[in-house]
>>> print(open('final-v6.txt').read())   # compact mmCIF, C-alpha atoms and all ligand atoms
# COMPACT_ATOMS: atom_id res chain seq x y z
CA MET O 5 13.86 -2.74 -4.89
CA LYS O 6 10.48 -4.44 -4.44
CA ILE O 7 8.16 -3.31 -1.67
CA ILE O 8 6.04 -5.77 0.32
CA VAL O 9 3.45 -4.39 2.69
CA ALA O 10 1.77 -6.56 5.33
CA ASN O 11 -1.64 -5.17 6.23
CA TRP O 12 -2.70 -7.06 9.35
CA LYS O 13 -6.02 -5.18 9.46
CA MET O 14 -7.79 -5.78 12.83
CA ASN O 15 -5.71 -8.89 13.62
CA PRO O 16 -4.56 -10.62 15.75
CA THR O 17 -6.72 -10.12 18.82
CA HIS O 18 -3.98 -10.57 21.42
CA LEU O 19 -0.55 -9.02 21.96
CA VAL O 20 1.00 -12.45 22.51
CA GLU O 21 -0.04 -13.56 19.03
CA ALA O 22 1.06 -10.25 17.51
CA LYS O 23 4.53 -10.61 19.05
CA ALA O 24 4.82 -14.20 17.84
CA LEU O 25 3.88 -13.18 14.29
CA PHE O 26 6.31 -10.26 14.29
CA ASN O 27 9.14 -12.40 15.67
CA ALA O 28 8.56 -15.01 12.97
CA VAL O 29 8.44 -12.42 10.18
CA LYS O 30 11.60 -10.64 11.31
CA LYS O 31 13.65 -13.69 10.28
CA ILE O 32 13.61 -12.41 6.67
CA SER O 33 17.01 -12.19 5.13
CA SER O 34 16.24 -10.60 1.74
CA LYS O 35 18.09 -7.35 1.23
CA LYS O 36 16.40 -6.85 -2.13
CA THR O 37 13.04 -6.11 -0.55
CA GLU O 38 11.59 -3.34 1.55
CA VAL O 39 9.23 -5.04 4.00
CA ILE O 40 6.66 -2.89 5.79
CA VAL O 41 4.51 -4.36 8.55
CA CYS O 42 1.31 -2.48 9.38
CA PRO O 43 -0.15 -3.91 12.61
CA PRO O 44 -3.04 -2.48 14.62
CA PHE O 45 -1.92 0.74 16.35
CA LEU O 46 -1.85 -0.88 19.81
CA PHE O 47 1.02 -3.17 18.88
CA LEU O 48 3.28 -0.54 17.28
CA PRO O 49 5.17 0.59 20.41
CA VAL O 50 5.96 -2.94 21.54
CA PHE O 51 7.63 -4.05 18.33
CA PRO O 52 11.40 -3.57 18.39
CA LYS O 53 12.99 -1.25 15.83
CA ILE O 54 14.90 -3.52 13.52
CA ALA O 55 16.71 -2.79 10.29
CA ASN O 56 14.95 -5.23 7.97
CA ILE O 57 11.33 -4.38 8.85
CA LYS O 58 9.71 -0.98 8.61
CA LEU O 59 6.53 -0.16 10.46
CA GLY O 60 3.42 1.47 9.10
CA GLY O 61 0.05 2.60 10.40
CA GLN O 62 -3.15 1.45 8.70
CA ASN O 63 -4.75 4.90 8.87
CA CYS O 64 -4.31 8.29 10.50
CA PHE O 65 -6.26 11.48 11.18
CA TRP O 66 -5.52 14.78 9.42
CA GLU O 67 -4.47 16.79 12.49
CA ASN O 68 -1.40 16.16 14.63
CA SER O 69 -3.11 16.62 18.01
CA GLY O 70 -6.26 17.97 19.59
CA ALA O 71 -9.80 17.11 20.57
CA TYR O 72 -10.47 14.26 18.15
CA THR O 73 -11.68 11.38 20.28
CA GLY O 74 -10.53 8.00 19.10
CA GLU O 75 -8.24 9.23 16.35
CA ILE O 76 -4.51 8.61 15.83
CA SER O 77 -2.37 11.40 14.42
CA PRO O 78 0.33 11.16 11.77
CA LEU O 79 2.83 12.66 14.21
CA GLN O 80 1.95 10.04 16.81
CA LEU O 81 2.60 7.34 14.21
CA LYS O 82 5.92 8.93 13.31
CA ASN O 83 6.90 9.17 16.97
CA ALA O 84 5.91 5.53 17.50
CA GLY O 85 8.48 4.50 14.90
CA CYS O 86 6.37 4.36 11.75
CA GLU O 87 7.87 5.25 8.41
CA TYR O 88 4.68 4.61 6.45
CA VAL O 89 0.92 4.99 6.67
CA ILE O 90 -1.71 3.25 4.53
CA LEU O 91 -4.45 5.65 3.44
CA GLY O 92 -7.57 5.30 1.34
CA HIS O 93 -7.98 1.57 1.91
CA SER O 94 -11.24 0.35 0.40
CA GLU O 95 -12.40 -1.06 3.74
CA ARG O 96 -12.22 2.46 5.21
CA ARG O 97 -13.90 3.91 2.13
CA ARG O 98 -16.66 1.34 2.49
CA HIS O 99 -17.20 0.93 6.26
CA LEU O 100 -16.14 4.38 7.47
CA SER O 101 -17.46 6.31 4.45
CA GLU O 102 -14.08 7.88 3.72
CA THR O 103 -14.30 10.07 0.64
CA ASP O 104 -11.50 11.20 -1.64
CA GLY O 105 -11.75 14.60 0.10
CA VAL O 106 -11.16 13.07 3.54
CA ILE O 107 -8.37 10.89 2.19
CA ASN O 108 -6.79 13.98 0.61
CA LYS O 109 -6.62 15.74 3.99
CA LYS O 110 -5.03 12.65 5.52
CA VAL O 111 -2.51 12.24 2.68
CA LYS O 112 -1.35 15.84 3.05
CA ALA O 113 -1.15 15.59 6.85
CA GLY O 114 0.75 12.30 6.66
CA LEU O 115 3.29 13.72 4.22
CA GLU O 116 3.68 16.93 6.26
CA ALA O 117 4.39 14.82 9.35
CA GLY O 118 7.20 13.09 7.47
CA LEU O 119 5.47 9.77 6.80
CA LYS O 120 5.50 7.95 3.48
CA VAL O 121 2.00 7.29 2.23
CA VAL O 122 0.71 4.08 0.67
CA LEU O 123 -2.37 5.38 -1.12
CA CYS O 124 -4.88 2.68 -2.06
CA VAL O 125 -7.04 3.06 -5.15
CA GLY O 126 -9.14 0.61 -7.14
CA GLU O 127 -12.47 0.02 -8.79
CA GLU O 128 -15.34 -1.72 -6.95
CA GLU O 129 -16.20 -4.01 -9.83
CA ARG O 130 -14.43 -5.18 -12.90
CA VAL O 131 -16.73 -4.19 -15.70
CA GLY O 132 -14.21 -5.11 -18.32
CA GLU O 133 -14.16 -1.70 -19.92
CA PHE O 134 -10.76 -0.37 -19.09
CA ASP O 135 -11.79 3.25 -19.78
CA LEU O 136 -14.45 3.09 -17.12
CA GLU O 137 -12.16 1.50 -14.53
CA ALA O 138 -9.42 3.96 -15.41
CA ARG O 139 -11.83 6.84 -14.91
CA ILE O 140 -12.62 5.60 -11.40
CA VAL O 141 -8.97 5.15 -10.47
CA GLY O 142 -8.05 8.43 -12.19
CA GLY O 143 -10.71 10.26 -10.17
CA GLN O 144 -9.45 8.72 -6.93
CA LEU O 145 -5.91 9.85 -7.71
CA GLU O 146 -7.02 13.38 -8.59
CA GLY O 147 -9.09 13.63 -5.42
CA ALA O 148 -6.60 12.11 -3.00
CA LEU O 149 -3.51 13.89 -4.34
CA ASP O 150 -5.00 17.34 -4.88
CA GLY O 151 -2.58 19.97 -3.58
CA VAL O 152 0.25 17.51 -2.88
CA LYS O 153 3.59 19.06 -3.86
CA LYS O 154 5.71 17.55 -6.61
CA THR O 155 8.59 17.11 -4.18
CA GLN O 156 6.32 15.13 -1.85
CA MET O 157 5.44 12.60 -4.53
CA ARG O 158 8.65 10.67 -3.91
CA ASN O 159 7.08 9.73 -0.58
CA VAL O 160 3.87 8.41 -2.12
CA VAL O 161 3.42 4.79 -3.14
CA ILE O 162 0.21 3.89 -4.95
CA ALA O 163 -1.37 0.51 -4.20
CA TYR O 164 -3.70 -0.59 -6.97
CA GLU O 165 -6.25 -2.72 -5.16
CA PRO O 166 -9.32 -3.65 -7.16
CA VAL O 167 -11.97 -4.00 -4.48
CA TRP O 168 -13.43 -7.19 -5.97
CA ALA O 169 -10.04 -8.88 -5.45
CA ILE O 170 -9.62 -8.00 -1.77
CA GLY O 171 -10.15 -10.91 0.58
CA THR O 172 -11.99 -12.91 -2.08
CA GLY O 173 -9.29 -15.38 -3.05
CA VAL O 174 -9.58 -14.13 -6.63
CA SER O 175 -6.64 -11.95 -7.62
CA ASP O 176 -6.34 -9.71 -10.65
CA THR O 177 -4.18 -10.97 -13.51
CA PRO O 178 -0.62 -9.64 -13.58
CA ASN O 179 -1.23 -8.34 -17.10
CA GLN O 180 -4.28 -6.31 -16.14
CA THR O 181 -2.48 -5.01 -13.07
CA LEU O 182 0.38 -3.96 -15.31
CA GLN O 183 -2.07 -2.03 -17.52
CA ALA O 184 -3.46 -0.36 -14.41
CA ALA O 185 0.07 0.47 -13.20
CA ILE O 186 0.93 2.04 -16.56
CA PHE O 187 -2.32 4.03 -16.45
CA ILE O 188 -1.54 5.21 -12.89
CA ARG O 189 1.97 6.35 -13.92
CA LYS O 190 0.51 8.21 -16.90
CA LYS O 191 -2.06 9.90 -14.71
CA ILE O 192 0.56 10.88 -12.12
CA GLY O 193 2.65 12.13 -15.05
CA GLU O 194 -0.22 14.37 -16.20
CA MET O 195 -0.69 15.69 -12.68
CA PHE O 196 2.92 16.15 -11.57
CA GLY O 197 5.13 15.86 -14.64
CA ARG O 198 6.27 13.01 -16.82
CA ASN O 199 9.42 12.12 -14.86
CA ILE O 200 7.52 11.84 -11.61
CA GLY O 201 4.95 9.67 -13.39
CA GLN O 202 7.56 7.35 -14.85
CA GLU O 203 9.14 6.87 -11.42
CA GLN O 204 5.90 6.40 -9.53
CA LYS O 205 5.95 3.23 -7.44
CA VAL O 206 2.82 1.14 -7.94
CA LEU O 207 1.98 -1.96 -5.89
CA TYR O 208 -0.72 -4.55 -6.42
CA GLY O 209 -3.04 -5.71 -3.63
CA GLY O 210 -5.89 -8.22 -3.55
CA SER O 211 -5.69 -11.90 -2.55
CA VAL O 212 -1.93 -12.17 -3.02
CA ASN O 213 -0.40 -15.37 -1.66
CA SER O 214 2.75 -17.42 -2.18
CA LYS O 215 1.13 -19.37 -5.01
CA ASN O 216 -0.11 -16.50 -7.17
CA GLY O 217 2.43 -13.83 -6.17
CA LYS O 218 5.26 -14.84 -8.48
CA PRO O 219 4.16 -13.21 -11.76
CA PHE O 220 3.29 -9.96 -9.96
CA LEU O 221 6.69 -9.80 -8.30
CA GLN O 222 8.53 -10.79 -11.47
CA GLU O 223 6.98 -7.94 -13.42
CA GLU O 224 9.31 -4.93 -13.50
CA GLY O 225 6.33 -2.60 -13.98
CA ILE O 226 4.80 -3.65 -10.65
CA ASP O 227 6.86 -2.46 -7.70
CA GLY O 228 5.57 -4.93 -5.14
CA VAL O 229 2.50 -6.19 -3.35
CA LEU O 230 0.24 -5.28 -0.45
CA VAL O 231 -0.74 -8.44 1.38
CA GLY O 232 -3.71 -8.78 3.73
CA GLY O 233 -4.85 -12.27 4.73
CA ALA O 234 -1.64 -14.07 3.74
CA SER O 235 0.47 -11.73 5.89
CA LEU O 236 -1.11 -13.22 9.03
CA ASN O 237 0.64 -16.51 8.36
CA ALA O 238 4.38 -15.99 8.87
CA GLY O 239 5.42 -18.97 6.73
CA GLU O 240 3.23 -17.83 3.86
CA PHE O 241 4.41 -14.23 4.15
CA LEU O 242 8.09 -15.24 4.19
CA LYS O 243 7.49 -17.31 1.05
CA ILE O 244 6.02 -14.23 -0.67
CA ILE O 245 9.11 -12.23 0.30
CA ASP O 246 11.27 -15.03 -1.12
CA LEU O 247 9.59 -14.56 -4.50
CA THR O 248 11.34 -11.19 -4.80
CA ARG O 249 14.63 -13.01 -5.29
CA LEU O 250 13.49 -13.94 -8.80
CA PRO O 251 14.85 -11.89 -11.69
CA THR O 252 12.53 -9.27 -13.21
CA GLY O 253 12.05 -7.95 -16.75
CA ARG O 254 12.29 -4.40 -18.02
CA MET O 255 10.37 -1.37 -16.82
CA PRO O 256 7.69 -0.44 -19.40
CA ALA O 257 7.66 3.20 -20.55
CA ILE O 258 4.46 5.17 -19.95
CA ASN O 259 4.00 6.11 -23.61
P1 LIG N 301 -6.09 -9.51 0.98
O1 LIG N 301 -6.11 -7.97 1.44
O2 LIG N 301 -4.65 -9.81 0.64
O3 LIG N 301 -6.59 -10.27 2.16
O4 LIG N 301 -6.97 -9.61 -0.21
C1 LIG N 301 -5.42 -7.00 0.74
C2 LIG N 301 -5.75 -5.65 1.28
O5 LIG N 301 -6.85 -5.44 1.78
O6 LIG N 301 -4.96 -4.74 1.27
>>> encode(input="final-v6.txt", output="structure tokens")
Amino acid sequence: MKIIVANWKMNPTHLVEAKALFNAVKKISSKKTEVIVCPPFLFLPVFPKIANIKLGGQNCFWENSGAYTGEISPLQLKNAGCEYVILGHSERRRHLSETDGVINKKVKAGLEAGLKVVLCVGEEERVGEFDLEARIVGGQLEGALDGVKKTQMRNVVIAYEPVWAIGTGVSDTPNQTLQAAIFIRKKIGEMFGRNIGQEQKVLYGGSVNSKNGKPFLQEEGIDGVLVGGASLNAGEFLKIIDLTRLPTGRMPAIN
């Protein structure tokens, strides 16, 4: 089953607009797709719990409660109806100086609280030397997943999001994303065992829209997409979900 994550980021600015967007998106009919909407925290409790849309937070802290002014805990997200949390997004790495060490604490806390984690990784620039990019992504995986138990890995989805593709209108190519997905599965295989690596879910994120999404969603080796800007337009987002109705190819082996 394909996974489509809507990352609304810090949008919209008013509850009325948020409700309208959610109500439009909930008209999806596809049963072949797991749709996860990640709105700003404020809107989470007002969205109804419905079967065809799961909710996710865009971040969380690494403790469940306490004197941490301004933070949101994984347990609070869980209790507000979230099944998922996005962690390690490049915008938090960049603007909030989140390191792999900080992200690691959050990943472990999220999993312990019973959330599924969408862990974002990706290189800042495409230098065209796959080894170099792989080393960056490999290091992010090692750092963020240090100490995570093998049994918890079934609750981790990796989103490969090359930073240069986020919000720029220039997406990666499906083929290069596939290479990255294969590399990520290999790396997870080295860290947690081959079977876990082979089954690792890997999404692509970065300027996905209804026009360029098709080859990503048709590729068996890419488990879905994480959509930012285009998820704020319900019509556009529903069209992306519709692309998951297309038949896919075969899952590539990791060696
Ligand atoms: P974008 O954002 O689709 O607007 O590029 C993706 C993301 O930041 O996750």
>>> residues_around(input="final-v6.txt", residues="Gly239 in chain O", least_positions_apart="6", cutoff="12 Å", atoms="only C-alpha atoms", output="ChimeraX atom specification")
/O:25-32,213-214,245-246
>>> write_last_selection(input="final-v6.txt", atoms="C-alpha atoms", output="short mmCIF file (atom, residue, chain, number, x, y, z; two decimals), in the coordinates of the input")
data_model
loop_
_atom_site.label_atom_id
_atom_site.label_comp_id
_atom_site.auth_asym_id
_atom_site.auth_seq_id
_atom_site.Cartn_x
_atom_site.Cartn_y
_atom_site.Cartn_z
CA LEU O 25 3.88 -13.18 14.29
CA PHE O 26 6.31 -10.26 14.29
CA ASN O 27 9.14 -12.40 15.67
CA ALA O 28 8.56 -15.01 12.97
CA VAL O 29 8.44 -12.42 10.18
CA LYS O 30 11.60 -10.64 11.31
CA LYS O 31 13.65 -13.69 10.28
CA ILE O 32 13.61 -12.41 6.67
CA ASN O 213 -0.40 -15.37 -1.66
CA SER O 214 2.75 -17.42 -2.18
CA ILE O 245 9.11 -12.23 0.30
CA ASP O 246 11.27 -15.03 -1.12
#
>>> closest_residue(input="final-v6.txt", among="O:Thr103, O:Asn68, O:Ile76, O:Val131", to="Gly118 in chain O", atoms="all atoms listed in the file")
O:Asn68
>>> residues_near_ligand(input="final-v6.txt", ligand="ligand LIG 301 (chain N)", cutoff="8 Å", atoms="only C-alpha atoms and all ligand atoms", output="PyMOL selection string")
chain O and resi 11+13+93-95+165+169-173+175+209-213+230-235
>>> closest_residue(input="final-v6.txt", among="O:Ala10, O:Leu115, O:Lys36, O:Glu102", to="Leu250 in chain O", atoms="only C-alpha atoms")
O:Lys36
>>> closest_atom_pairs(input="final-v6.txt", of="range 9-93 of chain O", to="range 151-164 of chain O", cutoff="12 Å", atoms="all atoms listed in the file", output="Markdown table")
| residue | atom | partner | partner_atom | distance |
| --- | --- | --- | --- | --- |
| O:Val9 | CA | O:Ala163 | CA | 9.7 |
| O:Asn11 | CA | O:Ala163 | CA | 11.9 |
| O:Glu87 | CA | O:Asn159 | CA | 10.1 |
| O:Tyr88 | CA | O:Asn159 | CA | 9.0 |
| O:Val89 | CA | O:Val160 | CA | 9.9 |
| O:Ile90 | CA | O:Ala163 | CA | 9.2 |
| O:Leu91 | CA | O:Ala163 | CA | 9.7 |
| O:Gly92 | CA | O:Ala163 | CA | 9.6 |
| O:His93 | CA | O:Ala163 | CA | 9.1 |
>>> closest_residue(input="final-v6.txt", among="O:Gly60, O:Gln80, O:Phe134, O:Asp104", to="Lys120 in chain O", atoms="all atoms listed in the file")
O:Gly60
>>> axis_aligned_box(input="final-v6.txt", around="range 101-120 of chain O", padding_each_side="5 Å", output="JSON")
{"center_x": -5.1, "center_y": 11.6, "center_z": 3.9, "size_x": 34.7, "size_y": 20.6, "size_z": 21.0}
>>> closest_residue(input="final-v6.txt", among="O:Ile200, O:Ala257, O:Val121, O:Leu247", to="Gln222 in chain O", atoms="all atoms listed in the file")
O:Leu247
>>> closest_residue(input="final-v6.txt", among="O:Ala138, O:Leu145, O:Met5, O:Val50", to="Ala24 in chain O", atoms="only C-alpha atoms")
O:Val50
>>> decode(input="final-v6.txt", residues="range 28-121 of chain O", atoms="C-alpha atoms", output="PDB file, in the first residue's frame")
ATOM      1  CA  ALA O  28     -12.128  18.683   1.114  1.00  0.00           C
ATOM      2  CA  VAL O  29      -9.309  16.165   1.530  1.00  0.00           C
ATOM      3  CA  LYS O  30     -11.429  13.686   3.466  1.00  0.00           C
ATOM      4  CA  LYS O  31     -13.459  12.988   0.314  1.00  0.00           C
ATOM      5  CA  ILE O  32     -10.737  10.554  -0.817  1.00  0.00           C
ATOM      6  CA  SER O  33     -12.048   7.173  -1.734  1.00  0.00           C
ATOM      7  CA  SER O  34      -8.835   5.238  -2.446  1.00  0.00           C
ATOM      8  CA  LYS O  35      -8.465   2.194  -0.244  1.00  0.00           C
ATOM      9  CA  LYS O  36      -5.078   1.424  -1.768  1.00  0.00           C
ATOM     10  CA  THR O  37      -3.426   4.376  -0.066  1.00  0.00           C
ATOM     11  CA  GLU O  38      -2.560   5.323   3.482  1.00  0.00           C
ATOM     12  CA  VAL O  39      -3.119   9.078   3.703  1.00  0.00           C
ATOM     13  CA  ILE O  40      -1.552  10.947   6.614  1.00  0.00           C
ATOM     14  CA  VAL O  41      -2.346  14.615   7.193  1.00  0.00           C
ATOM     15  CA  CYS O  42       0.123  16.548   9.354  1.00  0.00           C
ATOM     16  CA  PRO O  43      -1.405  19.945  10.209  1.00  0.00           C
ATOM     17  CA  PRO O  44      -0.053  22.479  12.693  1.00  0.00           C
ATOM     18  CA  PHE O  45      -0.550  21.160  16.251  1.00  0.00           C
ATOM     19  CA  LEU O  46      -3.345  23.651  17.019  1.00  0.00           C
ATOM     20  CA  PHE O  47      -5.686  22.080  14.493  1.00  0.00           C
ATOM     21  CA  LEU O  48      -5.200  18.445  15.531  1.00  0.00           C
ATOM     22  CA  PRO O  49      -7.918  18.230  18.206  1.00  0.00           C
ATOM     23  CA  VAL O  50     -10.580  19.806  16.019  1.00  0.00           C
ATOM     24  CA  PHE O  51     -10.246  17.383  13.131  1.00  0.00           C
ATOM     25  CA  PRO O  52     -12.675  14.466  13.373  1.00  0.00           C
ATOM     26  CA  LYS O  53     -11.275  10.942  13.618  1.00  0.00           C
ATOM     27  CA  ILE O  54     -12.122   9.325  10.331  1.00  0.00           C
ATOM     28  CA  ALA O  55     -11.113   5.981   8.892  1.00  0.00           C
ATOM     29  CA  ASN O  56      -9.507   7.111   5.639  1.00  0.00           C
ATOM     30  CA  ILE O  57      -7.212   9.825   7.020  1.00  0.00           C
ATOM     31  CA  LYS O  58      -4.572   9.381   9.683  1.00  0.00           C
ATOM     32  CA  LEU O  59      -3.161  12.309  11.595  1.00  0.00           C
ATOM     33  CA  GLY O  60       0.456  13.132  12.240  1.00  0.00           C
ATOM     34  CA  GLY O  61       2.444  15.770  14.086  1.00  0.00           C
ATOM     35  CA  GLN O  62       5.193  17.702  12.304  1.00  0.00           C
ATOM     36  CA  ASN O  63       7.593  17.430  15.251  1.00  0.00           C
ATOM     37  CA  CYS O  64       7.696  16.490  18.917  1.00  0.00           C
ATOM     38  CA  PHE O  65       9.917  16.861  21.966  1.00  0.00           C
ATOM     39  CA  TRP O  66      11.824  13.935  23.521  1.00  0.00           C
ATOM     40  CA  GLU O  67      10.075  13.921  26.912  1.00  0.00           C
ATOM     41  CA  ASN O  68       6.420  13.094  27.539  1.00  0.00           C
ATOM     42  CA  SER O  69       5.748  15.926  30.014  1.00  0.00           C
ATOM     43  CA  GLY O  70       7.511  18.457  32.186  1.00  0.00           C
ATOM     44  CA  ALA O  71       8.993  21.926  32.262  1.00  0.00           C
ATOM     45  CA  TYR O  72       9.751  22.380  28.564  1.00  0.00           C
ATOM     46  CA  THR O  73       8.118  25.655  27.591  1.00  0.00           C
ATOM     47  CA  GLY O  74       6.659  25.683  24.127  1.00  0.00           C
ATOM     48  CA  GLU O  75       7.245  22.020  23.351  1.00  0.00           C
ATOM     49  CA  ILE O  76       4.750  19.311  22.371  1.00  0.00           C
ATOM     50  CA  SER O  77       5.271  15.789  23.653  1.00  0.00           C
ATOM     51  CA  PRO O  78       4.917  12.530  21.739  1.00  0.00           C
ATOM     52  CA  LEU O  79       2.348  11.347  24.280  1.00  0.00           C
ATOM     53  CA  GLN O  80       0.311  14.515  23.777  1.00  0.00           C
ATOM     54  CA  LEU O  81       0.335  13.845  20.032  1.00  0.00           C
ATOM     55  CA  LYS O  82      -0.753  10.266  20.600  1.00  0.00           C
ATOM     56  CA  ASN O  83      -3.530  11.383  22.935  1.00  0.00           C
ATOM     57  CA  ALA O  84      -4.653  13.981  20.389  1.00  0.00           C
ATOM     58  CA  GLY O  85      -5.276  11.189  17.881  1.00  0.00           C
ATOM     59  CA  CYS O  86      -1.985  11.123  15.995  1.00  0.00           C
ATOM     60  CA  GLU O  87      -0.640   7.867  14.635  1.00  0.00           C
ATOM     61  CA  TYR O  88       2.471   9.438  13.103  1.00  0.00           C
ATOM     62  CA  VAL O  89       5.071  12.114  13.726  1.00  0.00           C
ATOM     63  CA  ILE O  90       7.450  13.654  11.180  1.00  0.00           C
ATOM     64  CA  LEU O  91      10.968  14.018  12.587  1.00  0.00           C
ATOM     65  CA  GLY O  92      14.232  15.327  11.201  1.00  0.00           C
ATOM     66  CA  HIS O  93      12.645  17.563   8.579  1.00  0.00           C
ATOM     67  CA  SER O  94      15.296  19.671   6.859  1.00  0.00           C
ATOM     68  CA  GLU O  95      13.499  22.897   7.784  1.00  0.00           C
ATOM     69  CA  ARG O  96      13.928  21.996  11.471  1.00  0.00           C
ATOM     70  CA  ARG O  97      17.529  20.944  10.874  1.00  0.00           C
ATOM     71  CA  ARG O  98      18.156  24.278   9.166  1.00  0.00           C
ATOM     72  CA  HIS O  99      16.085  26.844  11.119  1.00  0.00           C
ATOM     73  CA  LEU O 100      16.037  25.189  14.549  1.00  0.00           C
ATOM     74  CA  SER O 101      19.551  23.706  14.360  1.00  0.00           C
ATOM     75  CA  GLU O 102      18.314  20.171  15.011  1.00  0.00           C
ATOM     76  CA  THR O 103      21.211  17.744  14.936  1.00  0.00           C
ATOM     77  CA  ASP O 104      21.129  14.001  14.337  1.00  0.00           C
ATOM     78  CA  GLY O 105      21.640  13.611  18.111  1.00  0.00           C
ATOM     79  CA  VAL O 106      18.540  15.681  18.915  1.00  0.00           C
ATOM     80  CA  ILE O 107      16.548  13.899  16.220  1.00  0.00           C
ATOM     81  CA  ASN O 108      17.679  10.556  17.672  1.00  0.00           C
ATOM     82  CA  LYS O 109      16.243  11.441  21.096  1.00  0.00           C
ATOM     83  CA  LYS O 110      12.964  12.458  19.455  1.00  0.00           C
ATOM     84  CA  VAL O 111      12.787   9.309  17.315  1.00  0.00           C
ATOM     85  CA  LYS O 112      13.236   7.075  20.355  1.00  0.00           C
ATOM     86  CA  ALA O 113      10.706   9.058  22.417  1.00  0.00           C
ATOM     87  CA  GLY O 114       8.178   9.021  19.576  1.00  0.00           C
ATOM     88  CA  LEU O 115       8.478   5.261  19.135  1.00  0.00           C
ATOM     89  CA  GLU O 116       8.295   4.641  22.898  1.00  0.00           C
ATOM     90  CA  ALA O 117       5.087   6.693  23.029  1.00  0.00           C
ATOM     91  CA  GLY O 118       3.584   4.417  20.374  1.00  0.00           C
ATOM     92  CA  LEU O 119       3.827   6.779  17.408  1.00  0.00           C
ATOM     93  CA  LYS O 120       5.057   5.797  13.965  1.00  0.00           C
ATOM     94  CA  VAL O 121       7.939   7.977  12.860  1.00  0.00           C
TER      95      VAL O 121
END
